[in-house]
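Structure data follow from protein22.txt (compact mmCIF, C-alpha atoms):
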```txt
# COMPACT_ATOMS: atom_id res chain seq x y z
CA MET O 1 5.10 0.34 38.96
CA ALA O 2 2.86 3.28 39.77
CA ARG O 3 0.71 4.55 36.96
CA ALA O 4 2.53 7.89 36.91
CA ASP O 5 5.85 6.06 36.59
CA LEU O 6 4.48 3.94 33.81
CA GLN O 7 3.24 7.01 32.00
CA ASP O 8 6.67 8.58 32.33
CA GLU O 9 8.30 5.44 31.00
CA PHE O 10 5.80 5.36 28.16
CA LYS O 11 6.70 8.90 27.17
CA ALA O 12 10.41 8.17 27.36
CA VAL O 13 10.12 5.00 25.29
CA VAL O 14 7.91 6.68 22.74
CA MET O 15 10.28 9.58 22.14
CA GLY O 16 13.30 7.29 22.11
CA GLU O 17 11.76 4.80 19.72
CA LEU O 18 9.75 7.13 17.53
CA SER O 19 11.99 6.80 14.50
CA ALA O 20 12.15 3.03 14.93
CA LEU O 21 8.37 2.91 15.14
CA TYR O 22 8.06 5.02 12.03
CA ARG O 23 10.65 3.01 10.10
CA THR O 24 8.97 -0.25 11.01
CA ALA O 25 5.56 1.04 10.01
CA ARG O 26 6.97 2.35 6.78
CA ARG O 27 8.67 -0.97 6.12
CA ILE O 28 5.39 -2.79 6.48
CA LEU O 29 3.16 -0.26 4.75
CA GLN O 30 5.60 1.15 2.19
CA ASP O 31 3.91 4.49 2.56
CA HIS O 32 5.07 7.56 4.46
CA ASP O 33 1.66 9.01 5.27
CA GLU O 34 0.13 5.73 6.33
CA ALA O 35 3.20 4.96 8.42
CA GLU O 36 2.92 8.21 10.34
CA ASP O 37 -0.79 7.69 10.85
CA ALA O 38 -0.16 4.13 12.02
CA VAL O 39 2.38 5.35 14.56
CA GLN O 40 -0.07 7.87 15.94
CA GLU O 41 -2.86 5.31 16.01
CA THR O 42 -0.54 2.91 17.81
CA LEU O 43 0.40 5.42 20.46
CA ASP O 44 -3.23 6.37 20.98
CA LYS O 45 -4.16 2.72 21.47
CA ALA O 46 -1.21 2.08 23.74
CA TRP O 47 -1.94 5.10 25.89
CA ARG O 48 -5.59 4.19 26.23
CA ASN O 49 -4.64 0.65 27.22
CA LEU O 50 -1.73 1.45 29.45
CA ASN O 51 -3.66 0.16 32.45
CA ARG O 52 -3.79 -3.24 30.75
CA PHE O 53 -0.06 -3.37 30.24
CA ASP O 54 1.56 -6.20 32.16
CA HIS O 55 4.04 -4.43 34.39
CA GLY O 56 6.37 -7.40 34.30
CA SER O 57 6.74 -7.02 30.56
CA ARG O 58 8.79 -4.64 28.50
CA LEU O 59 7.11 -1.62 27.07
CA LYS O 60 9.08 -1.44 23.83
CA PRO O 61 8.09 -4.81 22.32
CA TRP O 62 4.53 -4.25 23.54
CA LEU O 63 4.39 -1.00 21.59
CA PHE O 64 5.77 -2.66 18.49
CA LYS O 65 3.24 -5.43 18.82
CA ILE O 66 0.45 -2.87 18.74
CA LEU O 67 2.19 -1.18 15.83
CA THR O 68 2.46 -4.31 13.72
CA ASN O 69 -1.17 -5.15 14.41
CA THR O 70 -2.20 -1.63 13.48
CA CYS O 71 -0.22 -1.87 10.25
CA LEU O 72 -1.81 -5.20 9.42
CA ASP O 73 -5.22 -3.61 9.90
CA VAL O 74 -4.20 -0.88 7.46
CA LEU O 75 -3.08 -3.50 4.96
CA ARG O 76 -6.37 -5.31 5.30
CA VAL O 77 -8.24 -2.11 4.58
CA ARG O 78 -5.91 -1.38 1.72
CA LEU O 79 -6.72 -4.72 0.14
CA ARG O 80 -10.27 -3.55 -0.17
CA HIS O 81 -9.33 -0.28 -1.84
CA THR O 82 -7.30 0.77 -4.78
CA HIS O 83 -4.14 2.32 -3.51
CA VAL O 84 -1.08 3.77 -5.10
CA ALA O 85 1.91 3.19 -2.88
CA PHE O 86 4.31 5.93 -2.09
CA ASP O 87 7.74 5.28 -3.50
CA ALA O 88 10.41 7.44 -1.98
CA HIS O 89 12.72 6.70 -4.88
CA ASP O 90 10.46 8.13 -7.54
CA GLN O 91 10.16 11.61 -6.19
CA GLY O 92 12.35 13.24 -8.74
CA PHE O 93 14.96 14.77 -6.49
CA ASP O 94 17.57 14.52 -9.15
CA ASP O 95 20.45 16.09 -7.36
CA ASN O 96 22.77 13.23 -8.20
CA GLN O 97 24.76 15.41 -10.52
CA ARG O 98 25.76 17.51 -7.55
CA LEU O 99 26.71 14.69 -5.23
CA PRO O 100 30.28 13.73 -4.52
CA ASP O 101 31.25 10.33 -5.98
CA GLU O 102 31.34 8.58 -2.65
CA LEU O 103 27.95 9.86 -1.65
CA GLN O 104 26.56 8.88 -5.03
CA ALA O 105 28.03 5.39 -4.67
CA ASN O 106 26.57 5.07 -1.21
CA ARG O 107 23.20 6.24 -2.43
CA GLU O 108 23.23 3.58 -5.15
CA LEU O 109 24.17 0.99 -2.60
CA GLY O 110 21.34 2.21 -0.41
CA TRP O 111 18.86 1.68 -3.23
CA GLN O 112 20.31 -1.73 -3.92
CA ILE O 113 19.85 -2.70 -0.29
CA GLU O 114 16.35 -1.26 -0.20
CA ASN O 115 15.40 -3.17 -3.34
CA ALA O 116 16.79 -6.38 -1.90
CA ILE O 117 14.76 -5.95 1.28
CA SER O 118 11.63 -5.04 -0.66
CA ARG O 119 11.82 -8.32 -2.56
CA LEU O 120 11.47 -10.27 0.67
CA SER O 121 8.04 -11.30 1.83
CA SER O 122 6.36 -8.91 4.24
CA ASP O 123 6.96 -11.20 7.25
CA TYR O 124 10.64 -11.44 6.48
CA GLN O 125 10.97 -7.72 5.91
CA THR O 126 9.50 -7.00 9.31
CA VAL O 127 11.85 -9.42 11.05
CA VAL O 128 14.83 -7.88 9.26
CA GLN O 129 13.63 -4.44 10.26
CA LEU O 130 13.20 -5.30 13.91
CA VAL O 131 16.14 -7.61 14.56
CA ILE O 132 18.85 -6.40 12.21
CA ILE O 133 18.04 -2.76 11.68
CA GLU O 134 16.41 -1.84 14.99
CA GLN O 135 18.51 -4.37 16.91
CA PHE O 136 15.70 -5.99 18.82
CA SER O 137 16.56 -9.17 20.67
CA TYR O 138 14.90 -12.33 19.36
CA ASP O 139 12.66 -12.28 22.44
CA GLU O 140 11.58 -8.71 21.86
CA ALA O 141 10.87 -9.39 18.19
CA ALA O 142 8.89 -12.48 19.12
CA ILE O 143 6.73 -10.41 21.46
CA ALA O 144 6.34 -7.64 18.90
CA LEU O 145 5.28 -10.02 16.15
CA ASP O 146 3.44 -12.41 18.43
CA VAL O 147 5.27 -15.46 17.15
CA PRO O 148 7.64 -17.95 18.82
CA VAL O 149 11.35 -17.18 18.99
CA GLY O 150 11.99 -20.14 16.70
CA THR O 151 9.89 -18.49 14.03
CA ILE O 152 11.90 -15.30 14.35
CA ARG O 153 15.12 -17.27 13.91
CA SER O 154 13.92 -19.24 10.92
CA ARG O 155 12.49 -16.17 9.17
CA LEU O 156 15.66 -14.29 9.85
CA SER O 157 17.81 -17.07 8.52
CA ARG O 158 15.84 -17.34 5.29
CA ALA O 159 15.77 -13.60 4.86
CA ARG O 160 19.53 -13.45 5.34
CA ALA O 161 20.12 -16.16 2.78
CA SER O 162 18.07 -14.24 0.28
CA LEU O 163 19.75 -10.93 1.07
CA VAL O 164 23.22 -12.42 0.83
CA ALA O 165 22.33 -13.72 -2.64
CA GLU O 166 20.82 -10.40 -3.70
CA LEU O 167 23.65 -8.32 -2.31
CA SER O 168 26.54 -10.60 -3.15
CA GLY O 169 28.14 -7.91 -5.29
CA ALA O 170 28.05 -5.34 -2.54
CA LEU O 171 29.28 -7.84 0.01
CA GLU O 172 32.20 -8.83 -2.20
CA ARG O 173 33.21 -5.28 -2.97
CA ARG O 174 33.07 -4.10 0.60
CA PRO O 175 35.99 -4.77 2.91
CA GLY O 176 35.29 -7.11 5.78
CA PRO O 177 35.17 -6.01 9.37
CA GLN O 178 38.76 -7.05 9.94
CA SER O 179 40.09 -4.71 7.32
CA GLY O 180 40.04 -1.77 9.70
CA ARG O 181 37.72 0.26 7.49
CA PRO O 182 34.25 1.06 8.66
CA ALA O 183 31.27 -0.30 6.79
CA ALA O 184 29.64 1.91 4.21
CA ARG O 185 28.00 4.91 5.73
CA LEU O 186 25.03 5.72 3.63
CA ARG O 187 24.36 8.85 5.57
CA LEU O 188 27.55 10.77 5.13
CA ILE O 189 25.99 14.07 6.01
CA LYS O 190 23.70 14.68 8.88
CA MET N 1 38.51 -29.77 9.81
CA THR N 2 35.11 -30.58 11.24
CA ARG N 3 32.94 -27.54 11.80
CA THR N 4 30.81 -27.77 14.91
CA THR N 5 29.12 -24.39 14.61
CA PRO N 6 26.09 -24.44 12.33
CA LEU N 7 25.10 -21.33 10.42
CA SER N 8 22.14 -20.79 12.74
CA ASP N 9 24.48 -20.52 15.72
CA LEU N 10 26.69 -18.17 13.80
CA GLU N 11 23.68 -15.96 13.18
CA LYS N 12 22.85 -16.03 16.87
CA PHE N 13 26.44 -15.07 17.58
CA ILE N 14 26.36 -12.15 15.14
CA ASP N 15 23.02 -11.00 16.56
CA GLY N 16 24.40 -11.05 20.10
CA GLU N 17 22.03 -13.78 21.21
CA CYS N 18 24.55 -16.34 22.45
CA THR N 19 25.25 -17.18 26.06
CA PRO N 20 28.74 -16.42 27.36
CA GLN N 21 29.62 -20.11 27.03
CA GLU N 22 28.43 -20.21 23.43
CA VAL N 23 30.35 -17.03 22.65
CA LYS N 24 33.53 -18.55 24.04
CA ARG N 25 33.08 -21.74 22.02
CA ILE N 26 32.27 -19.95 18.78
CA ARG N 27 35.16 -17.51 19.17
CA ALA N 28 37.54 -20.40 19.61
CA GLU N 29 36.20 -22.02 16.49
CA LEU N 30 36.38 -18.78 14.52
CA ALA N 31 40.03 -18.53 15.43
CA ARG N 32 40.63 -22.04 14.15
CA ASP N 33 38.48 -22.03 11.03
CA PRO N 34 39.13 -19.35 8.38
CA SER N 35 36.08 -20.32 6.35
CA LEU N 36 33.85 -19.98 9.39
CA SER N 37 35.48 -16.66 10.17
CA GLU N 38 34.80 -15.53 6.60
CA ALA N 39 31.15 -16.56 6.92
CA ALA N 40 30.90 -14.60 10.17
CA ASP N 41 32.46 -11.54 8.57
CA ARG N 42 29.96 -11.78 5.75
CA LEU N 43 27.01 -11.96 8.10
CA ASP N 44 28.36 -9.10 10.15
CA LEU N 45 28.89 -7.00 7.05
CA LEU N 46 25.37 -7.77 5.87
CA ASN N 47 24.02 -6.65 9.24
CA ARG N 48 25.98 -3.44 9.13
CA LEU N 49 24.99 -2.66 5.55
CA LEU N 50 21.33 -3.20 6.32
CA ARG N 51 21.59 -1.14 9.48
CA SER N 52 23.40 1.73 7.84
CA SER N 53 20.79 1.83 5.10
CA GLY N 54 17.70 1.09 7.15
CA ARG N 55 18.34 3.58 9.92
CA ASP N 56 18.79 6.40 7.48
CA VAL N 57 15.15 7.38 7.75
CA GLU N 58 13.98 9.32 10.78
CA ALA N 59 10.54 10.21 12.01
CA SER N 60 9.67 13.58 10.56
CA ALA N 61 9.93 16.79 12.51
CA ALA N 62 6.18 17.15 12.29
CA LEU N 63 5.46 13.73 13.74
CA ARG N 64 8.01 14.22 16.49
CA ALA N 65 6.58 17.61 17.39
CA THR N 66 3.03 16.29 17.43
CA ILE N 67 3.91 13.31 19.58
CA ALA N 68 6.06 15.39 21.91
CA ARG N 69 3.19 17.78 22.48
CA ARG N 70 0.64 15.05 22.90
CA TYR N 71 2.62 13.16 25.52
CA SER N 72 4.34 16.07 27.17
CA THR N 73 4.51 16.08 30.93
CA GLU N 74 1.96 18.82 31.21
CA ASN N 75 -0.49 17.41 28.74
CA THR N 76 -1.89 13.96 28.62
CA PRO N 77 -3.83 12.95 25.56
CA SER N 78 -7.47 13.73 25.55
CA ALA N 79 -9.99 13.49 22.82
CA SER N 80 -9.75 17.16 22.13
CA ALA N 81 -5.98 17.14 22.12
CA ARG N 82 -5.59 14.20 19.78
CA ARG N 83 -4.98 15.92 16.55
CA ARG N 84 -3.66 13.98 13.63
CA LEU N 85 -1.33 15.53 11.15
CA ASN N 86 -3.84 14.82 8.40
CA ARG N 87 -1.13 15.14 5.87
CA ARG N 88 -3.34 14.18 3.01
CA THR N 89 -5.07 17.49 3.40
CA PHE N 90 -1.86 19.37 3.83
CA PHE N 91 -0.21 17.67 0.92
CA ALA N 92 -2.72 18.90 -1.58
CA GLY N 93 -0.74 20.53 -4.31
CA ALA N 94 2.65 19.94 -2.79
CA GLY N 95 4.72 17.77 -5.01
CA GLY N 96 7.49 15.42 -4.09
CA ALA N 97 8.56 13.60 -1.02
CA LEU N 98 8.44 16.40 1.46
CA ALA N 99 8.56 15.87 5.13
CA ALA N 100 5.04 15.87 6.33
CA GLY N 101 5.57 18.80 8.60
CA PHE N 102 7.27 20.77 5.98
CA ALA N 103 4.53 20.13 3.49
CA ALA N 104 2.05 21.32 6.06
CA LEU N 105 4.12 24.37 6.67
CA ILE N 106 3.98 25.50 3.11
CA VAL N 107 0.43 24.81 2.15
CA VAL N 108 -1.32 25.98 5.25
CA PRO N 109 -4.16 27.97 3.79
CA ARG N 110 -4.19 30.66 6.47
CA LEU N 111 -0.58 31.46 5.99
CA SER N 112 -0.54 34.28 3.56
CA GLY N 113 -0.06 37.21 5.82
CA ILE N 114 -3.54 36.97 7.19
CA GLY N 115 -2.54 36.93 10.82
CA ASP N 116 -2.88 34.70 13.82
CA ALA N 117 -4.01 31.20 13.20
CA GLY N 118 -5.71 30.96 16.57
CA LEU N 119 -6.18 27.55 18.06
CA ASP N 120 -7.41 25.63 15.04
CA PRO N 121 -5.59 22.38 14.33
CA VAL N 122 -3.67 23.88 11.47
CA GLY N 123 -2.45 26.73 13.56
CA THR N 124 -1.59 24.45 16.44
CA PHE N 125 0.32 22.19 14.15
CA PHE N 126 2.14 25.10 12.63
CA HIS N 127 3.04 26.37 16.06
CA ASP N 128 4.43 22.97 16.95
CA PHE N 129 6.56 22.97 13.90
CA GLU N 130 7.95 26.39 14.63
CA THR N 131 8.63 25.37 18.19
CA TYR N 132 10.37 22.23 17.07
CA LEU N 133 12.55 24.06 14.63
CA LEU N 134 13.51 26.71 17.06
CA LYS N 135 14.34 24.25 19.79
CA ASP N 136 16.53 22.28 17.46
CA ARG N 137 19.42 24.65 17.80
CA ALA N 138 22.37 22.29 17.56
CA LEU N 139 25.08 23.52 15.21
CA ASP N 140 27.29 21.49 12.94
CA VAL N 141 29.72 24.34 12.76
CA THR N 142 30.23 27.49 14.79
CA GLU N 143 31.00 30.32 12.41
CA THR N 144 30.52 34.05 12.34
CA SER N 145 31.55 34.55 8.73
CA MET N 146 29.06 33.68 6.04
CA VAL N 147 31.88 33.29 3.53
CA GLN N 148 33.45 30.59 5.69
CA LEU N 149 30.09 29.00 6.39
CA ALA N 150 29.20 28.91 2.67
CA GLY N 151 32.51 27.13 2.09
CA TRP N 152 31.65 24.61 4.77
CA PHE N 153 28.29 23.87 3.18
CA GLY N 154 29.92 23.56 -0.26
CA ASP N 155 29.01 20.20 -1.84
CA ARG N 156 26.97 19.22 1.16
CA LEU N 157 24.03 21.04 -0.38
CA PRO N 158 22.44 20.23 -3.75
CA PHE N 159 22.34 23.96 -4.49
CA ALA N 160 24.72 26.87 -4.13
CA LEU N 161 24.15 28.80 -0.94
CA PRO N 162 22.91 32.23 -1.98
CA PRO N 163 24.41 35.47 -0.70
CA VAL N 164 23.19 36.02 2.85
CA ALA N 165 24.70 38.53 5.24
CA SER N 166 26.64 37.46 8.32
CA SER N 167 25.01 40.21 10.32
CA GLY N 168 22.18 42.61 9.89
CA ASN N 169 19.62 44.51 11.82
CA SER N 170 20.78 43.57 15.35
CA VAL N 171 21.45 39.96 14.30
CA LYS N 172 24.76 38.13 14.21
CA LEU N 173 25.56 34.81 12.60
CA ILE N 174 26.65 32.15 15.08
CA GLY N 175 26.82 29.02 12.94
CA GLY N 176 25.13 26.59 10.65
CA ARG N 177 23.76 23.14 10.38
CA LEU N 178 22.95 20.80 7.55
CA CYS N 179 19.42 19.54 8.10
CA TRP N 180 17.46 16.82 6.40
CA LEU N 181 13.77 16.74 5.86
CA MET N 182 13.23 13.32 4.37
CA GLU N 183 15.09 13.33 1.08
CA ARG N 184 15.67 17.05 1.04
CA ARG N 185 18.74 18.76 2.36
CA LEU N 186 18.54 22.28 3.65
CA ALA N 187 20.91 24.78 5.14
CA SER N 188 20.14 26.08 8.58
CA LEU N 189 21.75 29.40 9.44
CA SER N 190 21.56 30.39 13.09
CA TYR N 191 21.65 33.99 14.21
CA GLU N 192 21.55 35.54 17.62
CA THR N 193 19.74 38.71 18.50
CA ASP N 194 19.13 40.52 21.73
CA ALA N 195 15.57 39.27 21.57
CA GLY N 196 16.37 35.60 21.00
CA PRO N 197 17.48 33.29 18.24
CA VAL N 198 16.54 33.55 14.61
CA VAL N 199 17.03 30.60 12.30
CA LEU N 200 16.99 30.87 8.53
CA TYR N 201 16.40 27.69 6.57
CA ILE N 202 17.22 27.66 2.87
CA MET N 203 16.29 24.86 0.52
CA ASP N 204 15.61 24.03 -3.10
CA ALA N 205 12.11 25.25 -3.88
CA ASN N 206 11.65 22.73 -6.66
CA GLY N 207 8.49 20.72 -6.14
CA ILE N 208 7.24 22.81 -3.26
CA GLU N 209 4.07 24.78 -3.73
CA THR N 210 4.12 27.90 -1.62
CA PRO N 211 1.16 29.99 -0.54
CA PRO N 212 0.46 33.01 -2.76
CA GLY N 213 1.85 35.64 -0.38
CA ARG N 214 2.97 38.89 -1.90
CA ASP N 215 6.13 40.00 -3.58
CA ALA N 216 8.51 42.06 -1.47
CA PRO N 217 11.19 43.46 -3.76
CA ASP N 218 13.72 43.85 -0.96
CA ILE N 219 13.21 40.30 0.37
CA GLY N 220 11.79 37.96 -2.21
CA LYS N 221 8.72 36.63 -3.95
CA ALA N 222 5.56 35.21 -2.45
CA LEU N 223 6.40 36.44 1.02
CA SER N 224 3.99 35.21 3.65
CA TRP N 225 4.06 34.89 7.37
CA HIS N 226 2.48 33.15 10.30
CA ARG N 227 2.42 34.37 13.88
CA SER N 228 1.70 32.07 16.79
CA ASP N 229 1.76 32.99 20.46
CA ASP N 230 5.51 32.80 20.68
CA HIS N 231 6.95 32.60 17.22
CA THR N 232 6.92 34.19 13.86
CA CYS N 233 7.63 32.35 10.68
CA LEU N 234 8.35 34.04 7.36
CA ILE N 235 8.41 32.19 4.08
CA TRP N 236 9.51 33.53 0.74
CA ASN N 237 11.01 32.45 -2.57
CA SER N 238 13.94 33.74 -4.49
CA GLU N 239 15.91 32.31 -7.39
CA GLN N 240 14.51 28.78 -7.15
CA LEU N 241 15.16 28.67 -3.44
CA LEU N 242 12.73 28.66 -0.57
CA TYR N 243 13.56 30.60 2.58
CA VAL N 244 11.95 29.89 5.94
CA MET N 245 12.86 32.17 8.82
CA VAL N 246 11.70 31.38 12.33
CA GLY N 247 12.14 33.56 15.40
CA THR N 248 10.45 34.83 18.51
CA GLN N 249 10.27 38.41 17.29
CA GLU N 250 7.18 40.20 16.05
CA VAL N 251 6.41 40.08 12.36
CA HIS N 252 7.62 43.57 11.57
CA LYS N 253 10.91 42.87 13.33
CA MET N 254 11.35 39.59 11.49
CA MET N 255 10.69 41.38 8.21
CA SER N 256 13.33 43.89 9.10
CA ILE N 257 15.83 41.15 9.94
CA ALA N 258 15.06 39.29 6.72
CA ARG N 259 15.52 42.46 4.75
CA SER N 260 18.88 43.16 6.37
CA LEU N 261 20.14 39.66 5.64
CA VAL N 262 19.07 39.05 2.07
CA SER N 263 18.44 42.33 0.34
```
Could you take the file, read its structure, and then write that structure out as structure tokens?
Amino acid sequence: MARADLQDEFKAVVMGELSALYRTARRILQDHDEAEDAVQETLDKAWRNLNRFDHGSRLKPWLFKILTNTCLDVLRVRLRHTHVAFDAHDQGFDDNQRLPDELQANRELGWQIENAISRLSSDYQTVVQLVIIEQFSYDEAAIALDVPVGTIRSRLSRARASLVAELSGALERRPGPQSGRPAARLRLIK
Amino acid sequence: MTRTTPLSDLEKFIDGECTPQEVKRIRAELARDPSLSEAADRLDLLNRLLRSSGRDVEASAALRATIARRYSTENTPSASARRRLNRRTFFAGAGGALAAGFAALIVVPRLSGIGDAGLDPVGTFFHDFETYLLKDRALDVTETSMVQLAGWFGDRLPFALPPVASSGNSVKLIGGRLCWLMERRLASLSYETDAGPVVLYIMDANGIETPPGRDAPDIGKALSWHRSDDHTCLIWNSEQLLYVMVGTQEVHKMMSIARSLVS
């Protein structure tokens, strides 16, 4: 692939995956500001090293690999400093009184899910984020996290077992996929 | 009944990782084994719950605008062009979980009616944000009546939409959109003018620290503005709400439009 083509692909992938990059960084770092900085740092690094990119590989997992490494660097630095993590749920936007019941119920479910994910270890959270939420293939996740596919599968399996236990109530209350009703939509309004 | 599909294969199946042969085998077994089918449903539901929750968060407008500019076709990143959002600076004094861009928008120190921000990073960032907002012209609803549009917003907003005119000084309402900036919902009211679009964003001002600005009795409190090469942005407060109006018109024209819509 010509360099110009690769640059075009890079731009397309970046804009298409920007939210996924941000969500993954935020999942790892648990901090909005640091997540945005990590995304920018990642893209800077990737752009500078585009000539080193193996053209036979896929750009998306390569970008996420740089992202996860960048986030790990941030975590390492953070270990050496006192840091107060950003918690999106403690921001005091108490508009619950104004929300319709269904939206309120979905919001509570959203917090429940978020809490369940946050209780997983960092490695498991990242696999859940990439494979389940961002719908990476096992291969792509393996490249992004620089681990064998078997590790992705085993982490995913353990994470699922834990999440099923944590969310058993929600899973029982919700109709199954054969009921004809869609799964909960946490984002009712866009 | 002997189950031949282990849970790990079922997970592969749910994740779309099976070969066509494996899919065929597992489907046949799902049809035969209700307990296996129930386990599959559970895994699928878990996936969908996690997905619906986890994908709720989007990259902020500010990040998207910055990245779009940095990797635009015309511009490739250079050392001079690589400007970070530096939210920590922008966030000073702004409470709550605001979108980074939005926080920057409201605490930009040069904002208070001083004039052009030139090419400094703050001004450039601000320009990006205006550009992003103005380009994002999709409508949830096409409507020329503010009464109807207010009804549409209804419970979708955590505040009552204030009285705003459907038309004013050469502007006409064309529709609205419910926008999200992180956890905050805001109403976007789109107007058309002969000189281009004008978008008025209205949101709960709670937790947002605005620049000092000046009071304009016919518009609102703490009115301030920013003019870039192409866009003008007005910001003011009124009755616990924050108004942000973005358009391509000159400042005096934007003031006139604002006055005709809210006074």
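With all atoms listed in the file as the atoms that count, the minimum distance from chain N to the choices O:Gln135, O:Ser19, O:Thr24, O:Ser121 is reached by O:Ser19.
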Which one of N:Met254, N:Arg156, N:Pro217, N:Leu43 sits closest to Cys233 of chain N if you count all atoms listed in the file?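 Ranked by minimum distance to Cys233 of chain N, first place goes to N:Met254.
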With all atoms listed in the file as the basis for distance, which of O:Gln129, O:Gln30, O:Ser137, O:Ser157 is at the shortest distance from Val74 of chain O?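 Using all atoms listed in the file, the shortest distance to Val74 of chain O belongs to O:Gln30.
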Pick out the residues sitting within 8 Å of Val39 of chain O, and hand them over as a JSON list (two decimals) with C-alpha atoms, keeping the file's coordinate frame; count all atoms listed in the file, and ignore anything fewer than 6 positions along from it in its own chain.
```
[["chain", "number", "residue", "atom", "x", "y", "z"],
["O", 21, "LEU", "CA", 8.37, 2.91, 15.14],
["O", 22, "TYR", "CA", 8.06, 5.02, 12.03],
["O", 25, "ALA", "CA", 5.56, 1.04, 10.01],
["O", 67, "LEU", "CA", 2.19, -1.18, 15.83]]
```
Residues of chain N within 6 Å of chain O, only C-alpha atoms counted, as a PDB file with C-alpha atoms, keeping the file's coordinate frame:
```
ATOM      1  CA  ASP N  41      32.460 -11.540   8.570  1.00  0.00           C
ATOM      2  CA  ASN N  47      24.020  -6.650   9.240  1.00  0.00           C
ATOM      3  CA  ARG N  51      21.590  -1.140   9.480  1.00  0.00           C
ATOM      4  CA  SER N  52      23.400   1.730   7.840  1.00  0.00           C
ATOM      5  CA  SER N  53      20.790   1.830   5.100  1.00  0.00           C
ATOM      6  CA  GLY N  54      17.700   1.090   7.150  1.00  0.00           C
ATOM      7  CA  GLU N  58      13.980   9.320  10.780  1.00  0.00           C
ATOM      8  CA  ALA N  59      10.540  10.210  12.010  1.00  0.00           C
ATOM      9  CA  GLY N  96       7.490  15.420  -4.090  1.00  0.00           C
ATOM     10  CA  ALA N  97       8.560  13.600  -1.020  1.00  0.00           C
ATOM     11  CA  PRO N 158      22.440  20.230  -3.750  1.00  0.00           C
TER      12      PRO N 158
END
```
Excluding segment 52-66 of chain O and residues on its chain fewer than 2 positions from it, collect all residues at most 8 Å away from it, counting all atoms listed in the file, and give them as a PyMOL selection string. chain O and resi 1+10+13+17+21+42-43+45-46+49-50+68-70+140-141+143-146
Pick from N:Ala65, N:Leu200, N:Leu157, N:Leu223, whichever lies nearest to Leu186 of chain N using all atoms listed in the file: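 Using all atoms listed in the file, Leu186 of chain N sits closest to N:Leu157.
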Atomic separation - atom CA of Val171 of chain N relative to atom CA of Ala195 of chain N, Å: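 We find that atom CA of Ala195 of chain N and atom CA of Val171 of chain N lie 9.4 Å from each other.
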Quick one, how far is atom CA of Asp73 of chain O from atom CA of Gln125 of chain O?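 Between these atoms lies a distance of 17.2 Å.
Separating atom CA of Gly16 of chain N from atom CA of Asp44 of chain N is a distance of 10.9 Å.
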